[in-house]
Amino acid sequence: MPMYKSRAKVNLPVLMRVTGWLLMIEAAFMLFPLLTCLIYGESDYMAFLIGTAITATAGGAMTFLIKPTRNDMAKREGFLLTALVWVIFSLFGMIPFLLSSTHYSISDAFFEAMSGFTTTGVSALSTVEQLSHGLHLWRCLMQWIGGMGIILFTLAVIPMLNHSGGMQMFNAEVTGITRDKIRPRVSQTAKTLWLIYFLLSIALCLLLWAGPMDFFDSMCHALSSMSTGGFSTRDAGIAAWESNYLKIVLIVFMFIGGINFALIYKASVGDFKSFRENDSFKAYLKIIGLALIAYIAAITFSGQAVNWESVSIDPLFQIVSALSSTGYTTSAFENWGTTILLITFILMFFGACAGSTSGGAKIDRLIFMLKNLRNEVHRCIQPNAILSVRVNGRVIAPELVSKVMAFLWIYVLIIIAGGVILTSAGMSMPDAFYSAFSCVSNTGLTSAVTGNGNVYAFMPDAGKWLLSFLMLVGRLELFTVLVLFSRSFWRK
Amino acid sequence: MKIVIVGAGEVGSHLAKLLSREEQDIVLVDKDANRLANLDANYNLMTLCGSPTSFSIMREAGVDDCDLFIAVTPYETTNVTACAMAKSIGAKKTVARIDNYEFMIDESQEFFTKIGVDYLIYPEFLAAQEIMTSLKRSWVRHWFELHDGEIILVGVKLRDTAPLIGKQLKDLAFVQRNFHISAIKRNHETIIPRGDDIIRANDILYFTTTRDHVDDLLDLCGKVQHDIKRVLIMGGSRIAIRLVAMAGEEYSFKIIESNLEVCKHLPEKCPNCEIVHGDARDFDVLREEGIEDFDAFIALAESSESNILSCLTAKEFGVDKTIAEVENIQFISEAEGLNIGTIINKKLLASSKIFQILLDADINSSKCLALTDAEVAEIEVKPKSKITRAAVKDLNLSRDMTIAGLIRDGQGMLVNGNTVIQPGDHVVVFCLTGAIHKVEKLFN
């Protein structure tokens with residue numbers, strides 16, 4: 001009887017087997033850049049060939065040679081597997097970087113891979129334009145996989161995870177305070193989410209292609225914008241094209257990337273009412289509106305309002321890019337002044353709606369925090385008042401509110417700790433805190449927002465490993481990774 | 001198949017857990033978010049917090065295109081209303097749990113069909129039926145009839161005296177082919193036995209047999225059929241009232257009830273019974289009521305613990321058959337290991353019943369009986385399926401399953417290694433939990 005089974009050790013064989021499956025999926029994804037290299041006649045095809053071969057062999061060996069005695073996966077396996085998979089994916093994902101014609105050190109390659117999968121979108125290189133087409137595609141593809149989630153993809157394609165073990169992994173990976181299941185079975189939920197994501201990406205790619213971009217660039221940018229990642233094929237990013245059309249298209253899709261996908265699903269089946277009733281969506285719109293006013297005011301006062309774009313499309317692009325944690329920049333961003341930079345920080349801190357591909361602490365938590373704050377203030381005057389935190393028309397349990405408070409605290413502490421460690425590695429204070437912040441929130445606003453050039457390229461190796469870790473912690477929303485470091489997780 | 005369950009009480013959550021492992025789409029609705037939280041995080045199903053009788057919640061849960069709507073909240077009026085509402089917005093079949101016997105009688109049937117309730121589940125009634133079966137066959141722990149009794153599944157606990165003990169299954173096979181030992185429950189674990197397994201004392205053996213050969217099992221297991229006349233019931237619960245009404249003149253009952261208020265009402269509902277006010281956990285009370293003279297003792301009090309312990313006491317007084325109602329599902333396995341004749345659990349009975357309704361609604365689902373960690377399924381063999389290709393012994397069947405028997409042309413028969421299964425047969429398969437999908441592949 002299961003109930004008499006002692007709380008057994010972590011079920012390693014099952015973890016290895018599932019990881020094996022996942023690696024084979026990764027190997028399949030590597031075939032796309034391999035093909036690209038062949039089409040463009042680039043020498044990097046060898047890097048991808050070897051990468052695919054190693055990944056597929058390792059994955060196949062783990063899947064077919066390991067025969068687990070039990071198939072059950074509990075909460076601990078779910079957490080462990082989810083955190084491990086992201087690390088292992090990055091480890092194998094960095095192989096093409098290491099073997100490519102562009103020379104990456106191991107630290108750089110891992111940083112780049114982690115930055116890709118976590119949709120942070122910072123590069124370890126000071127210039128990316130010399131990269132082969134294959135590498136460009138691989139960088140963007142990593143973001144695309146990571147955006148919706150590695151585990152979620154697996155749940156959609158591997159039926160063997162369609163049980164409670166799969167549930168644990170789903171819980172450990174999907175962002176947000178509460179997990180919205182949109183269909184009764186977890187595999188259906190995963191399939192539906194990936195389908196929406198896939199269709200949106202195709203639409204974006206076609207729209208970009210219709211503008212001044214060529215097909216390859218549109219594909220890469222579609223992959224990295226839909227996932228709110230932010231890798232670009234050019235050093236200057238989107239600014240390189242100087243096209244308002246592109247900016248508008250990207251604003252729309254980055255905005256969509258920041259919406260809870262469960263809402264998009266409901267809209268796709270004709271239920272638009274949910275949008276109106278969803279507090280975090282409304283807050284998302286309001287925040288964009290308020291930030292836009294602040295931006296325009298700051299730009300006008302600092303005398304940067306040179307043309308109509310600089311007070312409309314440019315600030316809007318920058319706001320949506322920071323809020324959705326994509327991290328594209330417009331050309332003029334550095335000149336807008338410190339106030340704008342600080343507002344951008346706040347946007348980065350909270351990110352967009354839970355259940356989207358964006359990073360940050362999520363607007364939902366902001367709402368919880370503000371409503372709770374309001375209650376606490378009110379309670380000073382009326383100690384006997386019964387006050388509740390209501391979100392989306394539902395009263396939220398106090399435990400959930402306290403979990404959100406804990407989350408926000410740990411989030412801030414991690415940024416501070418990261419910043420302190422980075423300064424000790426010899427970085428200047430603004431750079432250190434900025435990069436810790438940017439990585440935890442998976443935004444990865446690219447070079448030079450602090451005015452010191454691309455800090456990532458000159459960072460010591462230890463700093464890169466630390467930031468890679470922060471990106472992972474941020475992407476899996478703290479608890480999934482941090483719980484692995486708690487004693488109670490490993491105690492028998 | 002899409003199933004919406006309303007009410008995450010014990011029956012509701014038990015069903016939801018079972019069905020979520022069966023590749024069914026489950027949506028579970030309850031008013032209380034706390035009840036749902038754990039199920040939502042750990043099982044492959046969707047939960048929704050809201051009133052069971054709200055059209056908007058029902059639409060959100062997808063009742064409008066669900067195949068089965070099950071209302072198992074604690075309140076029968078809520079359940080009936082919910083079913084009527086569900087039916088009106090498009091649920092294909094509805095099941096309501098009720099606790100009023102009047103609703104079960106045939107005259108009420110038409111009314112309920114008219115308002116949109118297709119099936120009624122009355123757990124107390126099912127429990128009373130189960131008790132009746134076990135009183136009739138006092139030596140049996142489980143009794144389950146398949147296909148109108150063509151194949152009978154019998155669970156028997158072996159005492160030290162049984163002639164079967166110490167024998168290997170393959171030795172038995174040559175002696176007789178009147179029964180098939182499909183599973184053995186030993187130390188909380190169910191095993192599908194092979195030829196070299198040895199039968200031990202205290203095993204619960206699950207036999208599959210046909211109607212004519214059931215009585216052969218008595219001698220084999222060293223059991224004696226006690227004719228039960230006098231029955232002592234502890235606790236004047238609804239099950240007790242139902243049982244007394246169902247039994248009629250067949251048995252003579254004495255009910256010991258500790259609550260004086262309940263005692264006052266009992267004579268009206270159970271006119272032919274002796275009613276005693278007292279605590280049946282007290283030795284003196286039992287002795288005073290002459291427990292030694294009773295043939296059976298049924299413990300139906302509210303507390304599962306009391307029921308288990310008083311059954312053990314009754315056994316020591318020399319009562320032949322004891323039956324305990326155990327409502328904590330966790331206790332059942334533990335209680336089965338003790339010396340208690342039959343264990344009754346309303347929730348398991350109700351979920352079993354709903355499973356059978358499912359079976360009627362969905363021809364692809366085949367399960368008909370869920371034991372604690374094994375399942376019995378009756379599956380129709382499709383033409384050209386894998387199972388028909390060779391004799392059973394040459395099929396290399398998985399060790400998690402066994403073919404217990406089959407029904408061909410409406411006639412039950414047992415299966416041995418040389419049997420070749422034909423398309424159109426109904427095969428009774430015994431398998432460990434989770435192996436049912438492997439099994440279904442063989443038949444399609």
# chains A, B, ... in the order shown; residues from 1 in each chain; ligands from 1
$ residues_around --residues "Gln130 in chain A" --least-positions-apart "3" --cutoff "12 Å" --atoms "only C-alpha atoms" --output "JSON, numbers by chain"
{"A": [100, 101, 102, 103, 125, 126, 127, 133, 134, 135, 136, 233, 234, 235]}
$ write_last_selection --atoms "C-alpha atoms" --output "compact mmCIF listing (two decimals), in the first residue's frame"
# COMPACT_ATOMS: atom_id res chain seq x y z
CA SER A 100 31.49 27.72 -33.35
CA SER A 101 33.80 29.93 -35.35
CA THR A 102 33.07 32.79 -32.94
CA HIS A 103 35.16 32.14 -29.88
CA LEU A 125 29.63 39.45 -26.50
CA SER A 126 30.14 43.15 -27.13
CA THR A 127 29.13 42.70 -30.74
CA HIS A 133 23.08 32.83 -39.14
CA GLY A 134 22.92 29.47 -37.41
CA LEU A 135 24.03 30.92 -34.09
CA HIS A 136 21.63 33.82 -34.42
CA THR A 233 20.68 40.06 -34.83
CA ARG A 234 22.11 43.58 -34.76
CA ASP A 235 24.16 45.37 -32.13
$ residues_around --residues "range 97-109 of chain B" --least-positions-apart "2" --cutoff "7 Å" --atoms "only C-alpha atoms" --output "PDB file with N, CA and C atoms, in the first residue's frame"
ATOM      1  N   ALA B  71     -23.418  15.176  -9.156  1.00  0.00           N
ATOM      2  CA  ALA B  71     -23.605  16.091  -8.028  1.00  0.00           C
ATOM      3  C   ALA B  71     -23.552  15.289  -6.742  1.00  0.00           C
ATOM      4  N   VAL B  72     -22.510  15.490  -5.956  1.00  0.00           N
ATOM      5  CA  VAL B  72     -22.331  14.734  -4.718  1.00  0.00           C
ATOM      6  C   VAL B  72     -22.032  15.656  -3.541  1.00  0.00           C
ATOM      7  N   GLU B  76     -29.025  16.877  -0.567  1.00  0.00           N
ATOM      8  CA  GLU B  76     -29.692  16.267  -1.718  1.00  0.00           C
ATOM      9  C   GLU B  76     -30.447  17.294  -2.545  1.00  0.00           C
ATOM     10  N   ASN B  79     -28.096  18.831  -4.839  1.00  0.00           N
ATOM     11  CA  ASN B  79     -27.701  17.895  -5.882  1.00  0.00           C
ATOM     12  C   ASN B  79     -28.765  17.780  -6.966  1.00  0.00           C
ATOM     13  N   VAL B  95     -26.046  12.614 -12.566  1.00  0.00           N
ATOM     14  CA  VAL B  95     -26.140  11.730 -11.413  1.00  0.00           C
ATOM     15  C   VAL B  95     -26.263  12.584 -10.162  1.00  0.00           C
ATOM     16  N   PHE B 111     -40.663  11.313 -12.385  1.00  0.00           N
ATOM     17  CA  PHE B 111     -40.501  12.707 -12.003  1.00  0.00           C
ATOM     18  C   PHE B 111     -39.059  13.156 -12.200  1.00  0.00           C
ATOM     19  N   PHE B 112     -38.126  12.338 -11.707  1.00  0.00           N
ATOM     20  CA  PHE B 112     -36.724  12.744 -11.780  1.00  0.00           C
ATOM     21  C   PHE B 112     -36.225  12.777 -13.212  1.00  0.00           C
ATOM     22  N   THR B 113     -36.677  11.821 -14.035  1.00  0.00           N
ATOM     23  CA  THR B 113     -36.280  11.849 -15.432  1.00  0.00           C
ATOM     24  C   THR B 113     -36.812  13.127 -16.084  1.00  0.00           C
ATOM     25  N   LEU B 120     -29.884   8.217  -9.671  1.00  0.00           N
ATOM     26  CA  LEU B 120     -29.844   8.618  -8.275  1.00  0.00           C
ATOM     27  C   LEU B 120     -28.910   7.679  -7.538  1.00  0.00           C
ATOM     28  N   ILE B 121     -28.079   8.253  -6.711  1.00  0.00           N
ATOM     29  CA  ILE B 121     -27.186   7.442  -5.895  1.00  0.00           C
ATOM     30  C   ILE B 121     -27.596   7.649  -4.451  1.00  0.00           C
ATOM     31  N   TYR B 122     -27.845   6.557  -3.781  1.00  0.00           N
ATOM     32  CA  TYR B 122     -28.215   6.655  -2.385  1.00  0.00           C
ATOM     33  C   TYR B 122     -27.242   5.766  -1.617  1.00  0.00           C
TER      34      TYR B 122
END
$ closest_atom_pairs --of "chain B" --to "chain A" --cutoff "9 Å" --atoms "only C-alpha atoms" --output "tab-separated table"
residue	atom	partner	partner_atom	distance
B:Lys2	CA	A:Pro184	CA	8.7
B:Ser20	CA	A:His163	CA	8.2
B:Arg21	CA	A:His163	CA	7.0
B:Glu23	CA	A:Arg185	CA	8.4
B:Gln24	CA	A:Arg185	CA	8.2
B:Asp25	CA	A:Pro184	CA	5.3
B:Ile26	CA	A:Pro184	CA	5.7
B:Val27	CA	A:Pro184	CA	6.1
B:Asp40	CA	A:Met167	CA	8.9
B:Ala41	CA	A:Met167	CA	6.9
B:Asn42	CA	A:Ser164	CA	5.6
B:Tyr43	CA	A:Ser164	CA	5.0
B:Asn44	CA	A:Arg185	CA	5.6
B:Leu45	CA	A:Pro184	CA	4.9
B:Met46	CA	A:Pro184	CA	4.5
B:Thr47	CA	A:Pro184	CA	8.1
B:Asn187	CA	A:Met1	CA	8.6
B:His188	CA	A:Met1	CA	5.4
B:Glu189	CA	A:Met1	CA	5.7
B:Thr190	CA	A:Met1	CA	8.5
B:Gln330	CA	A:Met3	CA	8.2
B:Ser333	CA	A:Met1	CA	8.3
B:Thr372	CA	A:Met1	CA	8.5
B:Asp373	CA	A:Met1	CA	7.5
$ residues_around --residues "range 40-51 of chain A" --least-positions-apart "3" --cutoff "12 Å" --atoms "only C-alpha atoms" --output "PyMOL selection string"
chain A and resi 23-24+26-37+54-59+89+91-103+131-138+216
$ write_last_selection --atoms "C-alpha atoms" --output "mmCIF file, in the first residue's frame"
data_model
loop_
_atom_site.group_PDB
_atom_site.id
_atom_site.type_symbol
_atom_site.label_atom_id
_atom_site.label_comp_id
_atom_site.auth_asym_id
_atom_site.auth_seq_id
_atom_site.Cartn_x
_atom_site.Cartn_y
_atom_site.Cartn_z
ATOM 1 C CA LEU A 23 17.395 16.452 -24.176
ATOM 2 C CA MET A 24 16.208 14.629 -27.255
ATOM 3 C CA GLU A 26 16.495 19.937 -27.460
ATOM 4 C CA ALA A 27 18.523 17.996 -30.007
ATOM 5 C CA ALA A 28 15.561 18.171 -32.366
ATOM 6 C CA PHE A 29 15.444 21.944 -31.951
ATOM 7 C CA MET A 30 19.173 22.155 -32.769
ATOM 8 C CA LEU A 31 18.417 20.762 -36.204
ATOM 9 C CA PHE A 32 16.883 24.096 -37.241
ATOM 10 C CA PRO A 33 20.096 26.148 -36.840
ATOM 11 C CA LEU A 34 21.998 23.234 -38.367
ATOM 12 C CA LEU A 35 19.806 23.496 -41.422
ATOM 13 C CA THR A 36 20.218 27.273 -41.478
ATOM 14 C CA CYS A 37 24.022 26.915 -41.477
ATOM 15 C CA ILE A 54 26.076 14.821 -28.247
ATOM 16 C CA THR A 55 22.711 16.001 -26.969
ATOM 17 C CA ALA A 56 20.754 13.292 -28.755
ATOM 18 C CA THR A 57 23.150 10.566 -27.623
ATOM 19 C CA ALA A 58 23.113 11.701 -24.017
ATOM 20 C CA GLY A 59 19.342 12.040 -24.105
ATOM 21 C CA PHE A 89 19.354 22.542 -21.198
ATOM 22 C CA LEU A 91 24.730 23.115 -20.521
ATOM 23 C CA PHE A 92 23.892 21.260 -23.723
ATOM 24 C CA GLY A 93 22.638 24.399 -25.421
ATOM 25 C CA MET A 94 26.041 26.024 -25.018
ATOM 26 C CA ILE A 95 27.843 23.313 -27.013
ATOM 27 C CA PRO A 96 27.262 25.021 -30.406
ATOM 28 C CA PHE A 97 28.630 28.290 -28.990
ATOM 29 C CA LEU A 98 31.783 26.562 -27.772
ATOM 30 C CA LEU A 99 32.452 24.834 -31.094
ATOM 31 C CA SER A 100 31.488 27.718 -33.351
ATOM 32 C CA SER A 101 33.804 29.926 -35.353
ATOM 33 C CA THR A 102 33.073 32.786 -32.938
ATOM 34 C CA HIS A 103 35.158 32.140 -29.876
ATOM 35 C CA LEU A 131 27.813 35.618 -35.559
ATOM 36 C CA SER A 132 26.739 33.106 -38.149
ATOM 37 C CA HIS A 133 23.081 32.830 -39.142
ATOM 38 C CA GLY A 134 22.916 29.467 -37.414
ATOM 39 C CA LEU A 135 24.034 30.925 -34.093
ATOM 40 C CA HIS A 136 21.626 33.825 -34.416
ATOM 41 C CA LEU A 137 18.763 31.451 -34.997
ATOM 42 C CA TRP A 138 19.840 29.224 -32.116
ATOM 43 C CA PHE A 216 15.752 35.626 -41.525
#
$ select_by_dssp --residues "range 52-208 of chain A" --states "helix (DSSP H, G or I)" --output "JSON, numbers by chain"
{"A": [52, 53, 54, 55, 56, 57, 58, 59, 60, 61, 62, 63, 64, 65, 75, 76, 77, 78, 79, 80, 81, 82, 83, 84, 85, 86, 87, 88, 89, 90, 91, 92, 93, 95, 96, 97, 98, 99, 106, 107, 108, 109, 110, 111, 112, 113, 114, 115, 116, 117, 133, 134, 135, 136, 137, 138, 139, 140, 141, 142, 143, 144, 145, 146, 147, 148, 150, 151, 152, 153, 154, 155, 156, 157, 159, 160, 161, 164, 165, 166, 167, 168, 169, 170, 171, 172, 173, 186, 187, 188, 189, 190, 191, 192, 193, 194, 195, 196, 197, 198, 199, 200, 201, 202, 203, 204, 205, 206, 207, 208]}
$ residues_around --residues "Leu292 in chain A" --least-positions-apart "5" --cutoff "12 Å" --atoms "only C-alpha atoms" --output "compact mmCIF listing (two decimals) with C-alpha atoms, in the first residue's frame"
# COMPACT_ATOMS: atom_id res chain seq x y z
CA LEU A 285 -2.93 49.00 -19.31
CA LYS A 286 -2.95 51.65 -16.58
CA ILE A 287 0.73 51.23 -15.84
CA ALA A 297 6.96 64.77 -19.58
CA ALA A 298 10.55 63.82 -18.78
CA ILE A 299 11.54 63.78 -22.45
CA SER A 310 10.32 60.82 -29.70
CA VAL A 311 7.19 61.67 -27.69
CA SER A 312 4.96 58.86 -28.97
CA ILE A 313 6.33 55.68 -30.47
CA ASP A 314 9.78 55.72 -28.90
CA PRO A 315 8.71 56.05 -25.26
CA LEU A 316 5.85 53.61 -25.77
CA PHE A 317 8.23 51.11 -27.33
CA GLN A 318 10.62 51.53 -24.44
CA ILE A 319 7.88 51.14 -21.83
CA VAL A 320 6.38 48.00 -23.32
CA LEU A 323 7.50 46.10 -18.77
CA ILE A 340 13.41 57.77 -16.97
CA ILE A 343 10.98 54.60 -13.87
CA THR A 344 12.22 51.91 -16.21
CA LEU A 347 8.69 48.74 -14.73
